[in-house]
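Structure file coords.txt with compact mmCIF, C-alpha atoms and all ligand atoms:
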```
# COMPACT_ATOMS: atom_id res chain seq x y z
CA MET A 1337 -3.31 -22.87 -23.17
CA THR A 1338 0.42 -22.94 -22.39
CA ASN A 1339 3.03 -21.93 -24.94
CA THR A 1340 5.61 -24.65 -25.38
CA TYR A 1341 9.00 -23.88 -26.91
CA LEU A 1342 11.30 -26.34 -28.65
CA LEU A 1343 15.02 -25.50 -28.73
CA GLY A 1344 17.18 -26.98 -31.46
CA GLY A 1345 14.65 -29.76 -31.96
CA LYS A 1346 15.97 -31.35 -28.76
CA VAL A 1347 14.94 -29.47 -25.64
CA LEU A 1348 11.35 -28.64 -24.87
CA VAL A 1349 10.48 -25.81 -22.49
CA ASP A 1350 7.17 -26.30 -20.65
CA ALA A 1351 4.35 -28.73 -21.28
CA GLY A 1352 0.63 -28.24 -20.83
CA TRP A 1353 -2.04 -29.38 -18.40
CA THR A 1354 -2.52 -33.02 -17.57
CA GLY A 1355 -4.68 -34.60 -20.29
CA SER A 1356 -3.26 -32.35 -23.02
CA LEU A 1357 -1.03 -35.01 -24.61
CA PRO A 1358 -3.32 -35.32 -27.69
CA ASP A 1359 -2.97 -31.53 -28.20
CA PHE A 1360 0.78 -31.88 -27.89
CA PHE A 1361 0.81 -34.53 -30.64
CA LYS A 1362 -1.48 -32.40 -32.80
CA CYS A 1363 0.75 -29.30 -32.46
CA ALA A 1364 3.90 -31.35 -33.11
CA LYS A 1365 2.34 -32.69 -36.31
CA GLN A 1366 1.23 -29.21 -37.41
CA GLU A 1367 4.74 -27.85 -36.86
CA SER A 1368 6.40 -30.93 -38.42
CA VAL A 1369 8.23 -31.64 -35.17
CA ASN A 1370 9.82 -35.05 -34.82
CA ILE A 1371 9.12 -36.02 -31.20
CA ASP A 1372 11.74 -38.78 -31.33
CA THR A 1373 14.59 -36.26 -31.42
CA ILE A 1374 13.46 -34.46 -28.23
CA ASP A 1375 15.74 -35.42 -25.34
CA TYR A 1376 14.63 -33.23 -22.44
CA LEU A 1377 11.80 -31.21 -20.97
CA ILE A 1378 12.71 -28.12 -18.96
CA ILE A 1379 9.83 -26.81 -16.81
CA THR A 1380 9.85 -23.09 -16.01
CA HIS A 1381 8.02 -23.82 -12.73
CA PHE A 1382 6.02 -26.70 -11.34
CA HIS A 1383 2.50 -25.35 -11.71
CA PRO A 1384 -0.07 -27.76 -13.21
CA ASP A 1385 -0.34 -25.98 -16.57
CA HIS A 1386 3.42 -26.36 -17.13
CA MET A 1387 4.19 -29.88 -15.91
CA GLY A 1388 0.90 -31.76 -16.48
CA ILE A 1389 2.17 -34.08 -19.21
CA ALA A 1390 5.80 -34.39 -18.05
CA GLY A 1391 5.12 -37.97 -16.88
CA ASP A 1392 3.55 -38.86 -20.25
CA LEU A 1393 6.46 -37.31 -22.15
CA ALA A 1394 8.95 -39.25 -19.98
CA GLU A 1395 7.31 -42.47 -21.21
CA LEU A 1396 8.09 -41.29 -24.76
CA GLY A 1397 11.74 -40.86 -23.80
CA ILE A 1398 11.65 -37.10 -23.12
CA ARG A 1399 13.33 -36.82 -19.75
CA THR A 1400 12.27 -34.17 -17.26
CA VAL A 1401 15.01 -31.80 -16.11
CA VAL A 1402 14.81 -30.44 -12.58
CA PHE A 1403 17.21 -27.68 -11.55
CA ASP A 1404 18.53 -27.53 -8.00
CA VAL A 1405 16.40 -24.46 -7.19
CA GLN A 1406 13.28 -26.40 -8.22
CA LYS A 1407 13.85 -29.74 -6.51
CA SER A 1408 11.63 -29.18 -3.47
CA PHE A 1409 8.77 -28.01 -5.71
CA MET A 1410 8.70 -30.79 -8.31
CA HIS A 1411 5.64 -32.53 -6.83
CA TRP A 1412 3.86 -29.38 -5.72
CA ALA A 1413 1.04 -29.73 -8.28
CA ASP A 1414 0.62 -33.52 -8.20
CA VAL A 1415 -2.51 -33.58 -6.01
CA LEU A 1416 -4.22 -30.89 -8.07
CA SER A 1417 -3.26 -32.56 -11.34
CA GLU A 1418 -4.58 -35.91 -10.15
CA LYS A 1419 -7.90 -34.30 -9.20
CA ARG A 1420 -8.18 -32.81 -12.67
CA ASN A 1421 -7.35 -36.00 -14.51
CA ARG A 1422 -7.21 -39.44 -12.90
CA TYR A 1423 -4.78 -40.60 -15.59
CA PHE A 1424 -2.24 -38.00 -14.46
CA LYS A 1425 1.28 -39.44 -14.35
CA PRO A 1426 3.53 -37.83 -11.75
CA ILE A 1427 7.18 -37.25 -12.55
CA LYS A 1428 9.26 -40.23 -11.42
CA ASP A 1429 12.10 -39.05 -9.19
CA ASP A 1430 14.50 -41.77 -10.35
CA GLU A 1431 13.93 -40.99 -14.05
CA THR A 1432 14.49 -37.27 -13.62
CA VAL A 1433 17.68 -35.49 -14.66
CA TYR A 1434 18.93 -33.18 -11.91
CA VAL A 1435 21.04 -30.25 -13.05
CA GLY A 1436 22.71 -27.55 -10.98
CA ILE A 1437 21.53 -24.23 -12.38
CA SER A 1438 25.15 -23.00 -12.45
CA GLU A 1439 25.90 -25.86 -14.87
CA SER A 1440 23.00 -25.05 -17.18
CA ARG A 1441 25.20 -23.59 -19.93
CA GLU A 1442 27.20 -26.84 -20.19
CA PHE A 1443 23.99 -28.85 -20.08
CA LEU A 1444 22.46 -26.88 -22.99
CA GLU A 1445 25.75 -26.89 -24.88
CA ASP A 1446 25.71 -30.69 -24.89
CA GLU A 1447 22.37 -30.40 -26.73
CA GLY A 1448 23.84 -27.91 -29.22
CA ILE A 1449 22.05 -24.94 -27.63
CA ALA A 1450 23.86 -21.70 -26.74
CA GLY A 1451 22.34 -20.20 -23.64
CA GLU A 1452 21.80 -20.57 -19.93
CA VAL A 1453 19.13 -21.05 -17.31
CA ILE A 1454 18.73 -18.56 -14.48
CA HIS A 1455 16.63 -18.50 -11.32
CA THR A 1456 13.91 -15.86 -11.71
CA PRO A 1457 11.53 -15.97 -8.71
CA GLY A 1458 8.55 -13.66 -8.64
CA HIS A 1459 5.65 -15.65 -10.05
CA SER A 1460 6.77 -18.57 -7.88
CA ASP A 1461 9.93 -19.41 -5.94
CA ASP A 1462 10.84 -22.23 -8.33
CA SER A 1463 10.55 -20.12 -11.51
CA ILE A 1464 13.46 -20.25 -13.90
CA SER A 1465 14.04 -18.57 -17.27
CA VAL A 1466 15.90 -19.94 -20.27
CA ILE A 1467 18.05 -17.24 -21.84
CA LEU A 1468 19.49 -17.97 -25.26
CA ASP A 1469 22.59 -16.21 -26.55
CA SER A 1470 20.44 -15.10 -29.52
CA GLY A 1471 18.62 -12.75 -27.11
CA ALA A 1472 15.48 -14.85 -26.72
CA ALA A 1473 14.28 -15.14 -23.13
CA ILE A 1474 11.75 -17.84 -22.29
CA VAL A 1475 10.35 -16.56 -19.04
CA GLY A 1476 7.37 -18.81 -18.27
CA ASP A 1477 4.87 -16.99 -16.07
CA MET A 1478 7.05 -14.03 -15.08
CA PRO A 1479 4.78 -10.99 -14.90
CA PRO A 1480 5.29 -9.20 -18.26
CA TYR A 1481 8.11 -6.68 -18.27
CA PRO A 1482 5.91 -3.72 -19.32
CA GLN A 1483 3.79 -4.32 -16.19
CA ILE A 1484 6.43 -4.64 -13.48
CA GLU A 1485 5.95 -1.17 -12.06
CA ALA A 1486 2.29 -1.96 -11.45
CA TYR A 1487 3.32 -5.02 -9.43
CA GLY A 1488 5.70 -2.99 -7.27
CA ASP A 1489 7.40 -6.21 -6.19
CA PRO A 1490 11.19 -6.00 -5.72
CA VAL A 1491 11.56 -9.78 -6.30
CA ILE A 1492 9.97 -9.44 -9.75
CA ALA A 1493 12.06 -6.34 -10.55
CA ASP A 1494 15.26 -8.18 -9.48
CA SER A 1495 14.43 -11.15 -11.68
CA TRP A 1496 13.81 -8.92 -14.69
CA GLU A 1497 17.08 -7.13 -14.02
CA LYS A 1498 18.83 -10.52 -14.11
CA ILE A 1499 17.05 -11.46 -17.35
CA ILE A 1500 18.11 -8.19 -19.01
CA ARG A 1501 21.67 -8.37 -17.69
CA CYS A 1502 22.00 -11.71 -19.52
CA GLY A 1503 21.47 -9.89 -22.82
CA SER A 1504 17.81 -10.76 -23.37
CA LYS A 1505 16.15 -8.84 -26.17
CA ARG A 1506 12.84 -10.56 -26.73
CA ALA A 1507 10.54 -12.12 -24.16
CA TYR A 1508 8.58 -15.33 -24.70
CA HIS A 1509 5.93 -16.04 -22.09
CA ALA A 1510 3.74 -19.05 -21.49
CA HIS A 1511 0.44 -17.14 -21.67
CA TRP A 1512 1.33 -13.81 -23.23
CA PRO A 1513 2.36 -12.72 -26.74
CA GLU A 1514 6.10 -12.28 -27.40
CA TYR A 1515 7.55 -8.75 -27.36
CA ASP A 1516 10.82 -6.79 -27.46
CA ILE A 1517 12.21 -5.94 -24.05
CA LYS A 1518 12.91 -2.23 -23.82
CA TYR A 1519 16.15 -1.42 -22.07
CA GLY A 1520 16.68 1.17 -19.35
CA CYS A 1521 13.12 1.21 -18.07
CA LEU A 1522 13.74 -0.45 -14.73
CA SER A 1523 13.09 1.88 -11.83
ZN ZN B 1 1.10 -20.88 -16.22
```
As structure tokens, the full file:
Amino acid sequence: MTNTYLLGGKVLVDAGWTGSLPDFFKCAKQESVNIDTIDYLIITHFHPDHMGIAGDLAELGIRTVVFDVQKSFMHWADVLSEKRNRYFKPIKDDETVYVGISESREFLEDEGIAGEVIHTPGHSDDSISVILDSGAAIVGDMPPYPQIEAYGDPVIADSWEKIIRCGSKRAYHAHWPEYDIKYGCLS
């Protein structure tokens, strides 16, 4: 139900609902992904369909990354996730990697990935987007760019402006098909 992106075989962006670990293994097998080489999980925002298996992945050695703008939200969905699945494993604060969003380029560079992470509120205050130098923008649950006028929300428009200013050309959402971002359409 949630698109998960793997960057350079080493950094995962988003993970599904609690209880979806078997699906994660199945998809990894289908895509011939070696889970052992994955170092980190970046979560676009701490809603239950994006962080549900972070605790399970941490036990496999995939460490959760929390950016400074997300820190106060990292346990936001724990109660809901626990209700949905009693085997839910919350993220352990002391096993989490905390990264300042302004240092995201260096952080990704260390993993061999050219890009940066930016704060893109609109869907939620803790929403971030991963923008690769290739032009790919992983935007989580940002309302889709073609629909922003319908939302009429300046916070969403500002976040999209930031995403485009970073050179993004193609958008990758968590629950929406990928598409080319058309320039010059922001009102
Ligand atoms: Zn979502």
*Atomic distance atom CA of Asp1494 of chain A - atom CA of Ser1463 of chain A, expressed in Å with one decimal*: 13.0 Å
*Hey, what's within 10 Å of segment 1355-1357 of chain A if we count all atoms listed in the file and toss same-chain stuff fewer than 6 positions away? As a PyMOL selection string, please?*
chain A and resi 1337+1363+1385+1388-1390+1392-1393+1417+1420-1425
*Shell of 7 Å around Pro1384 of chain A, all atoms listed in the file, local chain residues under 2 positions omitted, as a PyMOL selection string*: chain A and resi 1353+1382+1386-1388+1413+1417
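Nearest to ligand ZN 1 (chain B) of all the residues A:Asp1516, A:Glu1395, A:Asp1404, A:Asp1477 is A:Asp1477, counting all atoms listed in the file.
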*Find the residues near segment 1496-1504 of chain A: any atom within 10 Å, counting only C-alpha atoms, skip ones fewer than 4 places away on the same chain, and give them as a ChimeraX atom specification.*
/A:1451-1458,1465-1475,1478-1481,1484,1490-1492,1516-1520,1522
Same residues, C-alpha atoms, output as a CSV table (one decimal), in the frame of the given file:
```csv
chain,number,residue,atom,x,y,z
A,1451,GLY,CA,22.3,-20.2,-23.6
A,1452,GLU,CA,21.8,-20.6,-19.9
A,1453,VAL,CA,19.1,-21.0,-17.3
A,1454,ILE,CA,18.7,-18.6,-14.5
A,1455,HIS,CA,16.6,-18.5,-11.3
A,1456,THR,CA,13.9,-15.9,-11.7
A,1457,PRO,CA,11.5,-16.0,-8.7
A,1458,GLY,CA,8.6,-13.7,-8.6
A,1465,SER,CA,14.0,-18.6,-17.3
A,1466,VAL,CA,15.9,-19.9,-20.3
A,1467,ILE,CA,18.0,-17.2,-21.8
A,1468,LEU,CA,19.5,-18.0,-25.3
A,1469,ASP,CA,22.6,-16.2,-26.6
A,1470,SER,CA,20.4,-15.1,-29.5
A,1471,GLY,CA,18.6,-12.8,-27.1
A,1472,ALA,CA,15.5,-14.8,-26.7
A,1473,ALA,CA,14.3,-15.1,-23.1
A,1474,ILE,CA,11.8,-17.8,-22.3
A,1475,VAL,CA,10.4,-16.6,-19.0
A,1478,MET,CA,7.0,-14.0,-15.1
A,1479,PRO,CA,4.8,-11.0,-14.9
A,1480,PRO,CA,5.3,-9.2,-18.3
A,1481,TYR,CA,8.1,-6.7,-18.3
A,1484,ILE,CA,6.4,-4.6,-13.5
A,1490,PRO,CA,11.2,-6.0,-5.7
A,1491,VAL,CA,11.6,-9.8,-6.3
A,1492,ILE,CA,10.0,-9.4,-9.8
A,1516,ASP,CA,10.8,-6.8,-27.5
A,1517,ILE,CA,12.2,-5.9,-24.0
A,1518,LYS,CA,12.9,-2.2,-23.8
A,1519,TYR,CA,16.2,-1.4,-22.1
A,1520,GLY,CA,16.7,1.2,-19.4
A,1522,LEU,CA,13.7,-0.4,-14.7
```
Build an axis-aligned box that encloses every atom of segment 1460-1479 of chain A listed in the file, pad it by 5 Å on each side, and report its centre and edge lengths in Å to one decimal, as JSON.
```
{"center_x": 13.7, "center_y": -16.6, "center_z": -17.7, "size_x": 27.8, "size_y": 21.2, "size_z": 33.6}
```
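With distances taken over all atoms listed in the file, A:Thr1380 is the one residue among A:Thr1380, A:Gln1406, A:Asn1370, A:Thr1354 lying closest to ligand ZN 1 (chain B).
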From the structure block, carefully write segment 1348-1389 of chain A out with N, CA and C atoms; format it as a PDB file, in the first residue's frame.
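Output file result03.pdb follows:
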```
ATOM      1  N   LEU A1348      16.833   3.230   2.265  1.00  0.00           N
ATOM      2  CA  LEU A1348      15.436   2.975   1.987  1.00  0.00           C
ATOM      3  C   LEU A1348      14.640   4.241   2.328  1.00  0.00           C
ATOM      4  N   VAL A1349      13.647   4.570   1.516  1.00  0.00           N
ATOM      5  CA  VAL A1349      12.778   5.694   1.862  1.00  0.00           C
ATOM      6  C   VAL A1349      11.364   5.152   2.045  1.00  0.00           C
ATOM      7  N   ASP A1350      10.880   5.242   3.242  1.00  0.00           N
ATOM      8  CA  ASP A1350       9.561   4.786   3.703  1.00  0.00           C
ATOM      9  C   ASP A1350       9.452   3.269   3.839  1.00  0.00           C
ATOM     10  N   ALA A1351       8.610   2.877   4.752  1.00  0.00           N
ATOM     11  CA  ALA A1351       8.331   1.467   5.008  1.00  0.00           C
ATOM     12  C   ALA A1351       6.841   1.377   5.311  1.00  0.00           C
ATOM     13  N   GLY A1352       6.260   0.233   5.091  1.00  0.00           N
ATOM     14  CA  GLY A1352       4.800   0.119   5.171  1.00  0.00           C
ATOM     15  C   GLY A1352       4.231   0.021   6.582  1.00  0.00           C
ATOM     16  N   TRP A1353       2.956  -0.317   6.620  1.00  0.00           N
ATOM     17  CA  TRP A1353       2.196  -0.507   7.857  1.00  0.00           C
ATOM     18  C   TRP A1353       2.867  -1.538   8.766  1.00  0.00           C
ATOM     19  N   THR A1354       2.578  -1.439  10.038  1.00  0.00           N
ATOM     20  CA  THR A1354       2.996  -2.500  10.946  1.00  0.00           C
ATOM     21  C   THR A1354       2.372  -3.823  10.471  1.00  0.00           C
ATOM     22  N   GLY A1355       3.142  -4.896  10.579  1.00  0.00           N
ATOM     23  CA  GLY A1355       2.664  -6.202  10.115  1.00  0.00           C
ATOM     24  C   GLY A1355       2.996  -6.493   8.657  1.00  0.00           C
ATOM     25  N   SER A1356       3.583  -5.511   7.955  1.00  0.00           N
ATOM     26  CA  SER A1356       3.839  -5.718   6.521  1.00  0.00           C
ATOM     27  C   SER A1356       5.255  -6.225   6.222  1.00  0.00           C
ATOM     28  N   LEU A1357       5.962  -6.662   7.262  1.00  0.00           N
ATOM     29  CA  LEU A1357       7.327  -7.158   7.042  1.00  0.00           C
ATOM     30  C   LEU A1357       7.382  -8.327   6.035  1.00  0.00           C
ATOM     31  N   PRO A1358       6.445  -9.301   6.096  1.00  0.00           N
ATOM     32  CA  PRO A1358       6.481 -10.370   5.087  1.00  0.00           C
ATOM     33  C   PRO A1358       6.356  -9.825   3.660  1.00  0.00           C
ATOM     34  N   ASP A1359       5.540  -8.783   3.479  1.00  0.00           N
ATOM     35  CA  ASP A1359       5.404  -8.161   2.143  1.00  0.00           C
ATOM     36  C   ASP A1359       6.716  -7.501   1.728  1.00  0.00           C
ATOM     37  N   PHE A1360       7.375  -6.891   2.710  1.00  0.00           N
ATOM     38  CA  PHE A1360       8.664  -6.258   2.431  1.00  0.00           C
ATOM     39  C   PHE A1360       9.665  -7.311   1.930  1.00  0.00           C
ATOM     40  N   PHE A1361       9.720  -8.435   2.612  1.00  0.00           N
ATOM     41  CA  PHE A1361      10.634  -9.515   2.199  1.00  0.00           C
ATOM     42  C   PHE A1361      10.270 -10.026   0.804  1.00  0.00           C
ATOM     43  N   LYS A1362       8.978 -10.169   0.571  1.00  0.00           N
ATOM     44  CA  LYS A1362       8.505 -10.677  -0.727  1.00  0.00           C
ATOM     45  C   LYS A1362       8.928  -9.720  -1.853  1.00  0.00           C
ATOM     46  N   CYS A1363       8.693  -8.427  -1.649  1.00  0.00           N
ATOM     47  CA  CYS A1363       9.053  -7.419  -2.672  1.00  0.00           C
ATOM     48  C   CYS A1363      10.562  -7.401  -2.892  1.00  0.00           C
ATOM     49  N   ALA A1364      11.321  -7.475  -1.796  1.00  0.00           N
ATOM     50  CA  ALA A1364      12.782  -7.447  -1.910  1.00  0.00           C
ATOM     51  C   ALA A1364      13.257  -8.632  -2.758  1.00  0.00           C
ATOM     52  N   LYS A1365      12.647  -9.781  -2.535  1.00  0.00           N
ATOM     53  CA  LYS A1365      13.017 -10.981  -3.286  1.00  0.00           C
ATOM     54  C   LYS A1365      12.668 -10.798  -4.767  1.00  0.00           C
ATOM     55  N   GLN A1366      11.464 -10.301  -5.016  1.00  0.00           N
ATOM     56  CA  GLN A1366      11.008 -10.067  -6.394  1.00  0.00           C
ATOM     57  C   GLN A1366      11.942  -9.128  -7.153  1.00  0.00           C
ATOM     58  N   GLU A1367      12.431  -8.114  -6.440  1.00  0.00           N
ATOM     59  CA  GLU A1367      13.283  -7.094  -7.070  1.00  0.00           C
ATOM     60  C   GLU A1367      14.769  -7.437  -6.923  1.00  0.00           C
ATOM     61  N   SER A1368      15.068  -8.620  -6.447  1.00  0.00           N
ATOM     62  CA  SER A1368      16.449  -9.071  -6.216  1.00  0.00           C
ATOM     63  C   SER A1368      17.241  -8.080  -5.371  1.00  0.00           C
ATOM     64  N   VAL A1369      16.613  -7.573  -4.334  1.00  0.00           N
ATOM     65  CA  VAL A1369      17.271  -6.630  -3.425  1.00  0.00           C
ATOM     66  C   VAL A1369      17.932  -7.410  -2.287  1.00  0.00           C
ATOM     67  N   ASN A1370      19.195  -7.100  -2.061  1.00  0.00           N
ATOM     68  CA  ASN A1370      19.897  -7.697  -0.936  1.00  0.00           C
ATOM     69  C   ASN A1370      19.691  -6.819   0.299  1.00  0.00           C
ATOM     70  N   ILE A1371      18.892  -7.282   1.219  1.00  0.00           N
ATOM     71  CA  ILE A1371      18.539  -6.496   2.411  1.00  0.00           C
ATOM     72  C   ILE A1371      19.772  -6.197   3.270  1.00  0.00           C
ATOM     73  N   ASP A1372      20.748  -7.099   3.234  1.00  0.00           N
ATOM     74  CA  ASP A1372      21.944  -6.923   4.071  1.00  0.00           C
ATOM     75  C   ASP A1372      22.744  -5.668   3.742  1.00  0.00           C
ATOM     76  N   THR A1373      22.603  -5.145   2.530  1.00  0.00           N
ATOM     77  CA  THR A1373      23.393  -3.960   2.166  1.00  0.00           C
ATOM     78  C   THR A1373      22.668  -2.650   2.519  1.00  0.00           C
ATOM     79  N   ILE A1374      21.426  -2.751   3.011  1.00  0.00           N
ATOM     80  CA  ILE A1374      20.677  -1.531   3.345  1.00  0.00           C
ATOM     81  C   ILE A1374      21.126  -1.031   4.724  1.00  0.00           C
ATOM     82  N   ASP A1375      21.598   0.209   4.764  1.00  0.00           N
ATOM     83  CA  ASP A1375      22.096   0.778   6.017  1.00  0.00           C
ATOM     84  C   ASP A1375      21.022   1.541   6.789  1.00  0.00           C
ATOM     85  N   TYR A1376      20.221   2.340   6.049  1.00  0.00           N
ATOM     86  CA  TYR A1376      19.326   3.291   6.725  1.00  0.00           C
ATOM     87  C   TYR A1376      17.916   3.298   6.144  1.00  0.00           C
ATOM     88  N   LEU A1377      16.996   3.689   6.982  1.00  0.00           N
ATOM     89  CA  LEU A1377      15.615   3.955   6.569  1.00  0.00           C
ATOM     90  C   LEU A1377      15.303   5.421   6.851  1.00  0.00           C
ATOM     91  N   ILE A1378      14.974   6.147   5.773  1.00  0.00           N
ATOM     92  CA  ILE A1378      14.496   7.525   5.921  1.00  0.00           C
ATOM     93  C   ILE A1378      12.969   7.460   5.842  1.00  0.00           C
ATOM     94  N   ILE A1379      12.289   8.166   6.720  1.00  0.00           N
ATOM     95  CA  ILE A1379      10.819   8.130   6.748  1.00  0.00           C
ATOM     96  C   ILE A1379      10.302   9.515   6.369  1.00  0.00           C
ATOM     97  N   THR A1380       9.488   9.587   5.315  1.00  0.00           N
ATOM     98  CA  THR A1380       9.061  10.913   4.823  1.00  0.00           C
ATOM     99  C   THR A1380       8.207  11.646   5.851  1.00  0.00           C
ATOM    100  N   HIS A1381       7.487  10.894   6.688  1.00  0.00           N
ATOM    101  CA  HIS A1381       6.746  11.478   7.810  1.00  0.00           C
ATOM    102  C   HIS A1381       6.264  10.319   8.665  1.00  0.00           C
ATOM    103  N   PHE A1382       6.009  10.598   9.928  1.00  0.00           N
ATOM    104  CA  PHE A1382       5.755   9.509  10.870  1.00  0.00           C
ATOM    105  C   PHE A1382       4.272   9.172  10.990  1.00  0.00           C
ATOM    106  N   HIS A1383       3.667   8.860   9.850  1.00  0.00           N
ATOM    107  CA  HIS A1383       2.316   8.305   9.845  1.00  0.00           C
ATOM    108  C   HIS A1383       2.449   6.781   9.782  1.00  0.00           C
ATOM    109  N   PRO A1384       1.407   6.060  10.283  1.00  0.00           N
ATOM    110  CA  PRO A1384       1.571   4.608  10.485  1.00  0.00           C
ATOM    111  C   PRO A1384       1.857   3.808   9.213  1.00  0.00           C
ATOM    112  N   ASP A1385       1.452   4.310   8.067  1.00  0.00           N
ATOM    113  CA  ASP A1385       1.691   3.551   6.825  1.00  0.00           C
ATOM    114  C   ASP A1385       3.079   3.819   6.254  1.00  0.00           C
ATOM    115  N   HIS A1386       3.891   4.602   6.966  1.00  0.00           N
ATOM    116  CA  HIS A1386       5.244   4.922   6.497  1.00  0.00           C
ATOM    117  C   HIS A1386       6.333   4.453   7.463  1.00  0.00           C
ATOM    118  N   MET A1387       5.940   4.251   8.731  1.00  0.00           N
ATOM    119  CA  MET A1387       6.943   3.879   9.741  1.00  0.00           C
ATOM    120  C   MET A1387       6.630   2.562  10.449  1.00  0.00           C
ATOM    121  N   GLY A1388       5.572   1.869  10.014  1.00  0.00           N
ATOM    122  CA  GLY A1388       5.070   0.695  10.740  1.00  0.00           C
ATOM    123  C   GLY A1388       6.083  -0.408  10.986  1.00  0.00           C
ATOM    124  N   ILE A1389       7.008  -0.622  10.039  1.00  0.00           N
ATOM    125  CA  ILE A1389       7.970  -1.718  10.241  1.00  0.00           C
ATOM    126  C   ILE A1389       9.387  -1.203  10.522  1.00  0.00           C
TER     127      ILE A1389
END
```
